[in-house]
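To be precise, the following lines are final-v1.cif, and they hold mmCIF, C-alpha atoms and all ligand atoms.
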```cif
data_coords
#
loop_
_atom_site.group_PDB
_atom_site.id
_atom_site.type_symbol
_atom_site.label_atom_id
_atom_site.label_comp_id
_atom_site.auth_asym_id
_atom_site.auth_seq_id
_atom_site.Cartn_x
_atom_site.Cartn_y
_atom_site.Cartn_z
ATOM 1 C CA MET A 1 0.000 0.000 0.000
ATOM 2 C CA ILE A 2 2.776 2.446 1.000
ATOM 3 C CA LYS A 3 6.398 2.061 -0.002
ATOM 4 C CA LEU A 4 9.194 4.472 0.916
ATOM 5 C CA LYS A 5 12.662 3.953 -0.505
ATOM 6 C CA GLY A 6 15.594 6.088 0.620
ATOM 7 C CA VAL A 7 13.349 8.999 1.593
ATOM 8 C CA SER A 8 15.071 12.024 3.130
ATOM 9 C CA LYS A 9 13.906 15.483 4.068
ATOM 10 C CA PHE A 10 16.529 18.142 4.664
ATOM 11 C CA TYR A 11 16.036 21.650 5.984
ATOM 12 C CA ASP A 12 19.303 23.296 4.913
ATOM 13 C CA GLN A 13 21.912 20.884 6.264
ATOM 14 C CA PHE A 14 19.583 19.390 8.885
ATOM 15 C CA ALA A 15 18.116 15.964 8.187
ATOM 16 C CA ALA A 16 14.582 15.831 9.628
ATOM 17 C CA VAL A 17 14.253 12.390 7.987
ATOM 18 C CA GLU A 18 17.141 10.454 6.503
ATOM 19 C CA ALA A 19 17.271 7.502 4.090
ATOM 20 C CA LEU A 20 13.976 6.065 5.245
ATOM 21 C CA ASP A 21 12.880 2.682 3.868
ATOM 22 C CA LEU A 22 9.411 1.662 5.022
ATOM 23 C CA GLU A 23 6.562 -0.475 3.729
ATOM 24 C CA VAL A 24 2.987 -0.515 4.988
ATOM 25 C CA GLN A 25 0.912 -3.485 3.810
ATOM 26 C CA ASP A 26 -2.741 -3.385 2.737
ATOM 27 C CA GLY A 27 -5.114 -3.605 5.692
ATOM 28 C CA GLU A 28 -2.538 -3.224 8.448
ATOM 29 C CA ILE A 29 -2.197 -0.643 11.182
ATOM 30 C CA MET A 30 1.328 0.614 11.481
ATOM 31 C CA GLY A 31 2.422 2.877 14.304
ATOM 32 C CA ILE A 32 5.403 5.202 14.143
ATOM 33 C CA ILE A 33 6.880 6.074 17.517
ATOM 34 C CA GLY A 34 9.916 8.109 18.526
ATOM 35 C CA HIS A 35 11.089 11.027 20.651
ATOM 36 C CA ASN A 36 9.949 14.628 20.030
ATOM 37 C CA GLY A 37 11.612 15.736 16.830
ATOM 38 C CA ALA A 38 12.365 12.174 15.642
ATOM 39 C CA GLY A 39 10.802 12.888 12.246
ATOM 40 C CA LYS A 40 7.365 11.276 12.613
ATOM 41 C CA THR A 41 5.273 14.261 11.459
ATOM 42 C CA THR A 42 7.698 14.999 8.625
ATOM 43 C CA THR A 43 7.362 11.379 7.453
ATOM 44 C CA LEU A 44 3.559 11.426 7.624
ATOM 45 C CA LYS A 45 3.347 14.784 5.842
ATOM 46 C CA MET A 46 5.567 13.518 3.034
ATOM 47 C CA ILE A 47 3.353 10.441 2.620
ATOM 48 C CA ALA A 48 0.233 12.635 2.645
ATOM 49 C CA GLY A 49 1.801 14.716 -0.126
ATOM 50 C CA LEU A 50 1.891 17.897 1.980
ATOM 51 C CA ILE A 51 5.654 18.339 1.820
ATOM 52 C CA GLU A 52 8.069 17.059 -0.787
ATOM 53 C CA PRO A 53 10.954 14.787 0.088
ATOM 54 C CA THR A 54 14.416 16.144 -0.679
ATOM 55 C CA SER A 55 15.257 12.763 -2.164
ATOM 56 C CA GLY A 56 13.931 9.212 -2.373
ATOM 57 C CA MET A 57 10.797 7.570 -3.713
ATOM 58 C CA ILE A 58 7.287 7.268 -2.270
ATOM 59 C CA GLU A 59 4.796 4.854 -3.829
ATOM 60 C CA ILE A 60 1.183 4.574 -2.697
ATOM 61 C CA MET A 61 -1.103 1.874 -4.062
ATOM 62 C CA GLY A 62 1.484 1.101 -6.709
ATOM 63 C CA ARG A 63 1.636 4.712 -7.962
ATOM 64 C CA SER A 64 4.395 7.230 -7.639
ATOM 65 C CA LEU A 65 3.362 10.031 -5.292
ATOM 66 C CA ALA A 66 5.524 12.480 -7.225
ATOM 67 C CA LYS A 67 3.688 11.718 -10.483
ATOM 68 C CA ASP A 68 0.151 10.827 -9.382
ATOM 69 C CA SER A 69 -0.458 12.891 -6.282
ATOM 70 C CA ILE A 70 -3.966 14.027 -7.268
ATOM 71 C CA ALA A 71 -5.245 10.491 -7.878
ATOM 72 C CA ILE A 72 -3.545 9.230 -4.692
ATOM 73 C CA LYS A 73 -4.996 12.001 -2.517
ATOM 74 C CA LYS A 74 -8.511 10.852 -3.462
ATOM 75 C CA SER A 75 -7.859 7.584 -1.607
ATOM 76 C CA LEU A 76 -6.034 9.104 1.322
ATOM 77 C CA GLY A 77 -7.360 10.697 4.508
ATOM 78 C CA PHE A 78 -4.992 12.776 6.621
ATOM 79 C CA LEU A 79 -5.433 13.851 10.218
ATOM 80 C CA PRO A 80 -2.858 16.509 11.102
ATOM 81 C CA GLU A 81 -1.347 16.770 14.581
ATOM 82 C CA GLU A 82 -3.309 19.969 15.110
ATOM 83 C CA SER A 83 -6.370 20.664 13.043
ATOM 84 C CA PRO A 84 -8.007 24.028 13.601
ATOM 85 C CA LEU A 85 -11.676 23.920 12.596
ATOM 86 C CA TYR A 86 -13.730 26.779 11.158
ATOM 87 C CA GLU A 87 -15.089 27.860 14.504
ATOM 88 C CA SER A 88 -18.157 29.740 13.285
ATOM 89 C CA MET A 89 -19.638 26.701 11.497
ATOM 90 C CA ASN A 90 -21.578 24.021 13.295
ATOM 91 C CA VAL A 91 -20.393 20.420 13.029
ATOM 92 C CA SER A 92 -22.754 19.424 10.195
ATOM 93 C CA GLU A 93 -22.090 22.588 8.166
ATOM 94 C CA TYR A 94 -18.348 22.157 8.588
ATOM 95 C CA LEU A 95 -18.379 18.557 7.367
ATOM 96 C CA LEU A 96 -20.762 19.388 4.528
ATOM 97 C CA PHE A 97 -18.425 22.178 3.452
ATOM 98 C CA PHE A 98 -15.527 19.690 3.247
ATOM 99 C CA SER A 99 -17.693 17.123 1.434
ATOM 100 C CA GLU A 100 -18.266 19.753 -1.252
ATOM 101 C CA LEU A 101 -14.523 20.296 -1.525
ATOM 102 C CA TYR A 102 -14.174 16.541 -2.052
ATOM 103 C CA GLY A 103 -16.848 16.775 -4.758
ATOM 104 C CA LEU A 104 -19.385 14.549 -2.985
ATOM 105 C CA PRO A 105 -23.026 14.961 -4.093
ATOM 106 C CA LYS A 106 -25.015 16.574 -1.231
ATOM 107 C CA ARG A 107 -27.366 13.610 -0.600
ATOM 108 C CA ILE A 108 -24.505 11.135 -0.362
ATOM 109 C CA ALA A 109 -22.558 13.579 1.799
ATOM 110 C CA LEU A 110 -25.440 14.066 4.253
ATOM 111 C CA ASP A 111 -25.917 10.300 4.668
ATOM 112 C CA ARG A 112 -22.221 9.735 5.080
ATOM 113 C CA ILE A 113 -21.831 12.538 7.641
ATOM 114 C CA GLU A 114 -24.699 11.059 9.673
ATOM 115 C CA ALA A 115 -23.155 7.595 9.567
ATOM 116 C CA ILE A 116 -19.666 8.789 10.505
ATOM 117 C CA LEU A 117 -20.908 11.005 13.359
ATOM 118 C CA ASP A 118 -23.083 8.142 14.630
ATOM 119 C CA SER A 119 -20.124 5.759 14.599
ATOM 120 C CA LEU A 120 -18.054 8.348 16.485
ATOM 121 C CA ASN A 121 -20.835 8.879 19.072
ATOM 122 C CA LEU A 122 -20.843 12.579 18.249
ATOM 123 C CA GLU A 123 -24.283 13.937 18.876
ATOM 124 C CA GLU A 124 -23.486 17.658 19.055
ATOM 125 C CA ARG A 125 -24.113 18.235 15.339
ATOM 126 C CA GLN A 126 -25.628 21.695 15.694
ATOM 127 C CA LYS A 127 -22.937 23.006 18.048
ATOM 128 C CA LEU A 128 -20.406 25.483 16.655
ATOM 129 C CA THR A 129 -17.054 23.762 16.244
ATOM 130 C CA GLY A 130 -15.476 26.579 18.290
ATOM 131 C CA GLU A 131 -17.616 25.510 21.255
ATOM 132 C CA LEU A 132 -16.627 21.849 21.211
ATOM 133 C CA SER A 133 -14.396 20.178 23.782
ATOM 134 C CA LYS A 134 -10.954 18.986 22.671
ATOM 135 C CA GLY A 135 -12.157 15.376 22.353
ATOM 136 C CA MET A 136 -15.163 16.387 20.236
ATOM 137 C CA LYS A 137 -12.935 18.565 18.036
ATOM 138 C CA ARG A 138 -10.634 15.598 17.463
ATOM 139 C CA LYS A 139 -13.621 13.459 16.516
ATOM 140 C CA VAL A 140 -14.779 16.097 14.008
ATOM 141 C CA ALA A 141 -11.273 16.215 12.525
ATOM 142 C CA ILE A 142 -11.306 12.404 12.222
ATOM 143 C CA ALA A 143 -14.757 12.578 10.606
ATOM 144 C CA ARG A 144 -13.364 15.083 8.109
ATOM 145 C CA ALA A 145 -10.526 12.698 7.204
ATOM 146 C CA LEU A 146 -13.104 9.941 6.577
ATOM 147 C CA LEU A 147 -15.599 11.915 4.459
ATOM 148 C CA HIS A 148 -14.379 10.706 1.062
ATOM 149 C CA ASP A 149 -14.143 7.109 2.354
ATOM 150 C CA PRO A 150 -10.392 6.780 1.789
ATOM 151 C CA ALA A 151 -8.732 3.360 1.747
ATOM 152 C CA LEU A 152 -5.686 4.784 3.500
ATOM 153 C CA LEU A 153 -5.639 6.861 6.674
ATOM 154 C CA ILE A 154 -2.610 8.815 7.858
ATOM 155 C CA LEU A 155 -3.122 9.989 11.417
ATOM 156 C CA ASP A 156 -0.692 12.214 13.282
ATOM 157 C CA GLU A 157 -1.153 11.629 17.011
ATOM 158 C CA PRO A 158 -4.897 10.888 16.764
ATOM 159 C CA ASN A 159 -5.399 10.883 20.532
ATOM 160 C CA SER A 160 -2.992 13.508 21.791
ATOM 161 C CA GLY A 161 -4.422 15.610 24.614
ATOM 162 C CA LEU A 162 -7.510 13.453 25.035
ATOM 163 C CA ASP A 163 -8.796 11.976 28.276
ATOM 164 C CA PRO A 164 -8.227 8.204 28.730
ATOM 165 C CA LEU A 165 -11.794 7.235 27.838
ATOM 166 C CA THR A 166 -12.054 9.342 24.657
ATOM 167 C CA SER A 167 -8.549 8.271 23.761
ATOM 168 C CA PHE A 168 -9.457 4.633 24.088
ATOM 169 C CA PHE A 169 -12.678 5.178 22.159
ATOM 170 C CA ILE A 170 -10.684 6.560 19.242
ATOM 171 C CA ILE A 171 -8.124 3.770 19.366
ATOM 172 C CA ASP A 172 -10.912 1.218 19.377
ATOM 173 C CA TYR A 173 -12.616 3.081 16.541
ATOM 174 C CA LEU A 174 -9.445 2.818 14.455
ATOM 175 C CA LYS A 175 -9.434 -0.916 15.106
ATOM 176 C CA LYS A 176 -12.976 -1.074 13.716
ATOM 177 C CA LEU A 177 -11.896 0.901 10.637
ATOM 178 C CA LYS A 178 -9.178 -1.657 10.064
ATOM 179 C CA GLY A 179 -11.893 -4.325 10.329
ATOM 180 C CA ARG A 180 -13.634 -2.515 7.464
ATOM 181 C CA GLY A 181 -10.520 -2.871 5.320
ATOM 182 C CA LYS A 182 -8.779 0.471 5.891
ATOM 183 C CA THR A 183 -5.008 0.706 5.995
ATOM 184 C CA ILE A 184 -3.817 2.977 8.787
ATOM 185 C CA LEU A 185 -0.483 4.642 9.444
ATOM 186 C CA LEU A 186 -0.362 6.630 12.660
ATOM 187 C CA SER A 187 2.065 8.280 14.998
ATOM 188 C CA ALA A 188 1.558 8.278 18.749
ATOM 189 C CA HIS A 189 3.301 8.827 22.042
ATOM 190 C CA ASN A 190 1.017 6.564 24.070
ATOM 191 C CA LEU A 191 2.911 3.297 23.707
ATOM 192 C CA PHE A 192 0.226 1.268 25.430
ATOM 193 C CA HIS A 193 -2.205 2.244 22.668
ATOM 194 C CA VAL A 194 0.351 1.544 19.966
ATOM 195 C CA GLU A 195 1.013 -1.906 21.400
ATOM 196 C CA TYR A 196 -2.719 -2.563 21.644
ATOM 197 C CA ILE A 197 -3.690 -1.512 18.152
ATOM 198 C CA CYS A 198 -0.732 -1.774 15.757
ATOM 199 C CA ASP A 199 0.172 -4.804 13.668
ATOM 200 C CA ARG A 200 3.676 -3.435 13.236
ATOM 201 C CA ILE A 201 5.621 -0.699 14.971
ATOM 202 C CA ALA A 202 8.284 1.539 13.429
ATOM 203 C CA ILE A 203 10.670 3.199 15.873
ATOM 204 C CA MET A 204 12.419 6.399 14.744
ATOM 205 C CA LYS A 205 15.333 8.233 16.314
ATOM 206 C CA GLN A 206 16.864 11.460 14.996
ATOM 207 C CA GLY A 207 15.302 11.123 11.562
ATOM 208 C CA LYS A 208 16.267 7.490 11.077
ATOM 209 C CA LEU A 209 14.292 4.283 11.313
ATOM 210 C CA LEU A 210 15.823 2.079 13.999
ATOM 211 C CA ILE A 211 13.555 -0.911 13.606
ATOM 212 C CA CYS A 212 10.160 -1.893 12.216
ATOM 213 C CA ASP A 213 8.476 -5.100 13.293
ATOM 214 C CA THR A 214 5.574 -6.813 15.016
ATOM 215 C CA MET A 215 5.361 -6.603 18.796
ATOM 216 C CA LYS A 216 6.122 -10.331 18.978
ATOM 217 C CA GLU A 217 9.385 -9.910 17.052
ATOM 218 C CA LEU A 218 10.333 -6.768 19.011
ATOM 219 C CA VAL A 219 9.971 -8.726 22.245
ATOM 220 C CA LYS A 220 12.019 -11.583 20.793
ATOM 221 C CA ARG A 221 14.808 -9.267 19.662
ATOM 222 C CA LEU A 222 14.854 -6.570 22.310
ATOM 223 C CA GLY A 223 12.611 -7.555 25.182
ATOM 224 C CA LYS A 224 12.300 -10.181 27.843
ATOM 225 C CA ARG A 225 9.807 -12.881 28.560
ATOM 226 C CA GLU A 226 9.844 -14.103 32.121
ATOM 227 C CA TYR A 227 7.881 -16.900 33.777
ATOM 228 C CA GLN A 228 7.021 -17.291 37.410
ATOM 229 C CA VAL A 229 5.770 -20.337 39.252
ATOM 230 C CA ILE A 230 4.575 -20.179 42.873
ATOM 231 C CA PHE A 231 4.021 -23.434 44.743
ATOM 232 C CA ARG A 232 3.918 -25.145 48.143
ATOM 233 C CA ALA A 233 6.060 -28.156 48.967
ATOM 234 C CA ASP A 234 6.247 -30.494 51.959
ATOM 235 C CA GLN A 235 10.032 -30.174 52.247
ATOM 236 C CA GLU A 236 12.684 -27.449 52.451
ATOM 237 C CA LEU A 237 13.843 -26.299 49.008
ATOM 238 C CA ASP A 238 16.496 -23.961 47.708
ATOM 239 C CA TYR A 239 14.040 -21.462 46.167
ATOM 240 C CA GLU A 240 12.945 -18.006 47.292
ATOM 241 C CA LYS A 241 10.285 -18.421 49.979
ATOM 242 C CA LYS A 242 7.585 -16.032 51.190
ATOM 243 C CA ASP A 243 5.075 -17.171 53.794
ATOM 244 C CA ASP A 244 4.632 -20.833 52.892
ATOM 245 C CA ASN A 245 5.074 -20.285 49.159
ATOM 246 C CA TYR A 246 8.121 -21.004 47.069
ATOM 247 C CA SER A 247 8.694 -18.861 44.016
ATOM 248 C CA LEU A 248 10.793 -19.367 40.914
ATOM 249 C CA LYS A 249 11.183 -16.559 38.371
ATOM 250 C CA THR A 250 13.112 -17.311 35.201
ATOM 251 C CA ALA A 251 13.285 -16.650 31.461
ATOM 252 C CA ASP A 252 14.059 -20.354 30.904
ATOM 253 C CA ILE A 253 10.828 -22.189 30.182
ATOM 254 C CA GLY A 254 12.681 -25.524 30.548
ATOM 255 C CA GLU A 255 13.378 -24.691 34.189
ATOM 256 C CA ILE A 256 9.700 -23.938 34.716
ATOM 257 C CA ALA A 257 8.715 -27.213 33.048
ATOM 258 C CA ALA A 258 11.075 -29.155 35.351
ATOM 259 C CA VAL A 259 9.576 -27.575 38.480
ATOM 260 C CA LEU A 260 6.032 -28.190 37.238
ATOM 261 C CA LYS A 261 6.939 -31.854 36.751
ATOM 262 C CA GLN A 262 8.305 -32.036 40.320
ATOM 263 C CA ILE A 263 5.128 -30.400 41.656
ATOM 264 C CA SER A 264 3.029 -32.964 39.853
ATOM 265 C CA ASP A 265 5.228 -36.018 40.715
ATOM 266 C CA ARG A 266 5.441 -35.133 44.398
ATOM 267 C CA ASN A 267 1.880 -33.964 44.804
ATOM 268 C CA TRP A 268 2.885 -30.448 45.849
ATOM 269 C CA THR A 269 0.451 -27.545 45.421
ATOM 270 C CA LEU A 270 0.677 -25.243 42.427
ATOM 271 C CA VAL A 271 -0.426 -21.763 43.622
ATOM 272 C CA ASP A 272 0.190 -19.652 40.545
ATOM 273 C CA LEU A 273 1.842 -19.761 37.151
ATOM 274 C CA SER A 274 2.317 -16.541 35.170
ATOM 275 C CA MET A 275 4.251 -14.973 32.339
ATOM 276 C CA ARG A 276 5.486 -11.405 32.075
ATOM 277 C CA GLN A 277 6.560 -9.996 28.782
ATOM 278 C CA SER A 278 8.305 -6.671 28.133
ATOM 279 C CA ALA A 279 5.872 -3.951 27.246
ATOM 280 C CA LEU A 280 6.621 -1.678 24.299
ATOM 281 C CA GLU A 281 7.631 1.051 26.757
ATOM 282 C CA GLU A 282 10.475 -1.056 28.157
ATOM 283 C CA ILE A 283 11.666 -2.029 24.673
ATOM 284 C CA TYR A 284 11.476 1.593 23.529
ATOM 285 C CA ILE A 285 13.455 2.925 26.487
ATOM 286 C CA ASN A 286 16.107 0.201 26.087
ATOM 287 C CA LEU A 287 16.419 1.049 22.415
ATOM 288 C CA MET A 288 16.581 4.814 22.930
ATOM 289 C CA THR A 289 19.290 4.511 25.567
ATOM 290 C CA ASP A 290 21.294 1.835 23.743
ATOM 291 C CA ALA A 291 24.319 3.532 22.183
ATOM 292 C CA THR A 292 24.664 0.758 19.578
ATOM 293 C CA TYR A 293 21.498 2.051 17.899
ATOM 294 C CA VAL A 294 22.408 5.135 15.811
HETATM 295 P P1 LIG B 301 6.896 15.422 17.847
HETATM 296 O O1 LIG B 301 6.759 14.091 18.504
HETATM 297 O O2 LIG B 301 7.385 16.464 18.795
HETATM 298 O O3 LIG B 301 5.652 15.855 17.104
HETATM 299 P P2 LIG B 301 8.175 14.558 15.362
HETATM 300 O O4 LIG B 301 8.834 13.230 15.517
HETATM 301 O O5 LIG B 301 6.855 14.583 14.703
HETATM 302 O O6 LIG B 301 8.112 15.300 16.764
HETATM 303 P P3 LIG B 301 8.988 16.384 13.278
HETATM 304 O O7 LIG B 301 7.903 17.383 13.483
HETATM 305 O O8 LIG B 301 8.900 15.503 12.086
HETATM 306 O O9 LIG B 301 9.199 15.495 14.583
HETATM 307 O O10 LIG B 301 10.356 17.189 13.214
HETATM 308 C C1 LIG B 301 11.596 16.547 12.956
HETATM 309 C C2 LIG B 301 12.695 17.588 12.993
HETATM 310 O O11 LIG B 301 12.589 18.410 11.830
HETATM 311 C C3 LIG B 301 12.639 18.507 14.198
HETATM 312 O O12 LIG B 301 13.965 18.770 14.639
HETATM 313 C C4 LIG B 301 12.013 19.775 13.646
HETATM 314 O O13 LIG B 301 12.444 20.932 14.335
HETATM 315 C C5 LIG B 301 12.542 19.775 12.204
HETATM 316 N N1 LIG B 301 11.624 20.471 11.298
HETATM 317 C C6 LIG B 301 10.342 20.113 11.013
HETATM 318 N N2 LIG B 301 9.801 20.996 10.150
HETATM 319 C C7 LIG B 301 10.750 21.925 9.883
HETATM 320 C C8 LIG B 301 10.808 23.101 9.054
HETATM 321 N N3 LIG B 301 9.763 23.479 8.324
HETATM 322 N N4 LIG B 301 11.958 23.793 9.030
HETATM 323 C C9 LIG B 301 13.022 23.407 9.757
HETATM 324 N N5 LIG B 301 13.047 22.313 10.552
HETATM 325 C C10 LIG B 301 11.934 21.588 10.618
#
```
Go ahead and express the file in the form of structure tokens.
Ligand code: ATP
Amino acid sequence: MIKLKGVSKFYDQFAAVEALDLEVQDGEIMGIIGHNGAGKTTTLKMIAGLIEPTSGMIEIMGRSLAKDSIAIKKSLGFLPEESPLYESMNVSEYLLFFSELYGLPKRIALDRIEAILDSLNLEERQKLTGELSKGMKRKVAIARALLHDPALLILDEPNSGLDPLTSFFIIDYLKKLKGRGKTILLSAHNLFHVEYICDRIAIMKQGKLLICDTMKELVKRLGKREYQVIFRADQELDYEKKDDNYSLKTADIGEIAAVLKQISDRNWTLVDLSMRQSALEEIYINLMTDATYV
């Protein structure tokens, strides 16, 4: 769906994005994460055709963005990091105005606006956009990006500044859009949301892509998976003990299997068995502070 090859963006001598290779597959949600100034917005804006790369190639749906930007933009919805609305229009008027810009016939536009606002639980259709709360404004901006029913959505920090519930609503909403066949590329700082929603995660640092993979592979390469078994035994053992419970914590599943066998053979009591896996936050911090990466 999206293919970037050797994409760079320079401002004078400064590389906001450098030699970026990235592919987003049809129907996936990819999340770009990275520190402030890592180059996320610059990358998304280049893909949305809002700024031109200094060098490199961007292909969207098999077409060159440099040559076919008008056709590509018809299938692409972009949500900027900050999207000021026309504050003197009410929600319906504002969305209808944008539908006209997209060339949608009025009847189709009205039906579509209703459906999108319904799906976003946005009932304040007659309220002026200037009077909306931050969360409602973000929903209207998302609705605007969806008006022309694009196959591809580029979302710059879709839930920044939103309360946890609205934030989660939007994340869940994006998951539903994926279920309806949309391809989504987003940037975010909330790593819990990224881990929850994204099929693959691209991590950027100082304009460069450090790694891009599924959460499972990121854990395998950069994280930890640890198991813990808690049990009671009728003899003294050389394991950590708290109250009457012994505890073994290890990354070696073979060790856990051996203890489980002992528990079963000797009729001891298994109290708890759990697994802890590195969250994206831990992987991200390790990567950002690891001098071997960039
Ligand atoms: P944040 O998480 O804070 O939104 P980001 O990862 O989206 O950051 P970008 O906005 O892409 O980062 O910026 C990357 C770098 O490029 C920053 O150092 C920024 O100052 C620089 N930059 C972006 N736009 C311009 C511009 N028009 N002129 C000069 N430098 C720019």
Report as a list in words the residues that result from applying the PyMOL selection byres (((chain A and resi 153-163) around 7) and not hetatm) to the structure here.
->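 So the PyMOL selection byres (((chain A and resi 153-163) around 7) and not hetatm), applied here, picks out Thr41, Leu44, Leu76, Gly77, Phe78, Leu79, Pro80, Glu81, Lys134, Gly135, Pro150, Ala151, Leu152, Pro164, Leu165, Thr166, Ser167, Ile170, Thr183, Ile184, Leu185, Leu186, Ser187 and Ala188 of chain A.
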Kindly compile the residues surrounding ligand LIG 301 (chain B) within 12 Å, counting only C-alpha atoms and all ligand atoms, and format them as a PyMOL selection string.
-> chain A and resi 8-18+32-46+50-53+80-82+155-158+160+186-190+202-209
Pull out every residue that the PyMOL selection byres (((chain A and resi 146) around 12) and not hetatm) matches in the shown coordinates and put them as a ChimeraX atom specification.
-> /A:74-79,95,98-99,102,109,112-113,115-117,119-120,139-145,147-155,174,177,182,184
How would the residues just picked look written out with C-alpha atoms as a PDB file, in the coordinates of the input?
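Just written: part-v9.pdb:
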```pdb
ATOM      1  CA  LYS A  74      -8.511  10.852  -3.462  1.00  0.00           C
ATOM      2  CA  SER A  75      -7.859   7.584  -1.607  1.00  0.00           C
ATOM      3  CA  LEU A  76      -6.034   9.104   1.322  1.00  0.00           C
ATOM      4  CA  GLY A  77      -7.360  10.697   4.508  1.00  0.00           C
ATOM      5  CA  PHE A  78      -4.992  12.776   6.621  1.00  0.00           C
ATOM      6  CA  LEU A  79      -5.433  13.851  10.218  1.00  0.00           C
ATOM      7  CA  LEU A  95     -18.379  18.557   7.367  1.00  0.00           C
ATOM      8  CA  PHE A  98     -15.527  19.690   3.247  1.00  0.00           C
ATOM      9  CA  SER A  99     -17.693  17.123   1.434  1.00  0.00           C
ATOM     10  CA  TYR A 102     -14.174  16.541  -2.052  1.00  0.00           C
ATOM     11  CA  ALA A 109     -22.558  13.579   1.799  1.00  0.00           C
ATOM     12  CA  ARG A 112     -22.221   9.735   5.080  1.00  0.00           C
ATOM     13  CA  ILE A 113     -21.831  12.538   7.641  1.00  0.00           C
ATOM     14  CA  ALA A 115     -23.155   7.595   9.567  1.00  0.00           C
ATOM     15  CA  ILE A 116     -19.666   8.789  10.505  1.00  0.00           C
ATOM     16  CA  LEU A 117     -20.908  11.005  13.359  1.00  0.00           C
ATOM     17  CA  SER A 119     -20.124   5.759  14.599  1.00  0.00           C
ATOM     18  CA  LEU A 120     -18.054   8.348  16.485  1.00  0.00           C
ATOM     19  CA  LYS A 139     -13.621  13.459  16.516  1.00  0.00           C
ATOM     20  CA  VAL A 140     -14.779  16.097  14.008  1.00  0.00           C
ATOM     21  CA  ALA A 141     -11.273  16.215  12.525  1.00  0.00           C
ATOM     22  CA  ILE A 142     -11.306  12.404  12.222  1.00  0.00           C
ATOM     23  CA  ALA A 143     -14.757  12.578  10.606  1.00  0.00           C
ATOM     24  CA  ARG A 144     -13.364  15.083   8.109  1.00  0.00           C
ATOM     25  CA  ALA A 145     -10.526  12.698   7.204  1.00  0.00           C
ATOM     26  CA  LEU A 147     -15.599  11.915   4.459  1.00  0.00           C
ATOM     27  CA  HIS A 148     -14.379  10.706   1.062  1.00  0.00           C
ATOM     28  CA  ASP A 149     -14.143   7.109   2.354  1.00  0.00           C
ATOM     29  CA  PRO A 150     -10.392   6.780   1.789  1.00  0.00           C
ATOM     30  CA  ALA A 151      -8.732   3.360   1.747  1.00  0.00           C
ATOM     31  CA  LEU A 152      -5.686   4.784   3.500  1.00  0.00           C
ATOM     32  CA  LEU A 153      -5.639   6.861   6.674  1.00  0.00           C
ATOM     33  CA  ILE A 154      -2.610   8.815   7.858  1.00  0.00           C
ATOM     34  CA  LEU A 155      -3.122   9.989  11.417  1.00  0.00           C
ATOM     35  CA  LEU A 174      -9.445   2.818  14.455  1.00  0.00           C
ATOM     36  CA  LEU A 177     -11.896   0.901  10.637  1.00  0.00           C
ATOM     37  CA  LYS A 182      -8.779   0.471   5.891  1.00  0.00           C
ATOM     38  CA  ILE A 184      -3.817   2.977   8.787  1.00  0.00           C
TER      39      ILE A 184
END
```
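You will find CA of Lys241 in chain A at 14.7 Å from CA of Trp268 in chain A.
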Using all atoms listed in the file, which of the listed residues (A:Gly62, A:Asp172, A:Arg200, A:Leu218) sits closest to Gly27 in chain A?
->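 Going through A:Gly62, A:Asp172, A:Arg200, A:Leu218 one by one, the smallest distance to Gly27 in chain A is for A:Arg200.
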A straight line from CA of Leu210 in chain A to CA of Met30 in chain A spans 14.8 Å
To one decimal in Å, tell me the separation between CA of Glu226 in chain A and CA of Lys249 in chain A.
-> 6.8 Å
What do you get, as a PyMOL selection string, if you spell out every residue that the PyMOL selection byres (((chain A and resi 56-60) around 10) and not hetatm) selects here?
-> chain A and resi 1-9+18-24+46-49+52-55+61-69+72-73+75-76+152
Among listed residues A:Phe169, A:Tyr86, A:Phe231, A:Tyr196, nearest Ser247 in chain A (using all atoms listed in the file) | A:Phe231
Can you work out which one of A:Glu240, A:Asp290, A:Phe192, A:Leu96 has the shortest atom-to-atom distance to Ile108 in chain A, counting all atoms listed in the file?
->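 Among the listed residues, A:Leu96 lies closest to Ile108 in chain A.
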Using all atoms listed in the file, find the one residue out of A:Pro105, A:Lys224, A:Lys175, A:Asp252 that sits nearest to Asn286 in chain A.
-> A:Lys224
Please return the centre and edge lengths, in Å to one decimal, of a box with edges along x, y and z that contains all listed atoms of range 32-35 of chain A, widened by 4 Å on every side, as JSON.
```
{"center_x": 8.2, "center_y": 8.1, "center_z": 17.4, "size_x": 13.7, "size_y": 13.8, "size_z": 14.5}
```
From A:Arg107, A:Gly130, A:Ala71, A:Gln262, residue lying nearest Val91 in chain A [only C-alpha atoms] = A:Gly130
Identify which of the residues A:Ile201, A:Asp238, A:Glu131, A:Ser274 lies closest to Asp213 in chain A, counting only C-alpha atoms when measuring atom-to-atom distances.
->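 Ranked by minimum distance to Asp213 in chain A, first place goes to A:Ile201.
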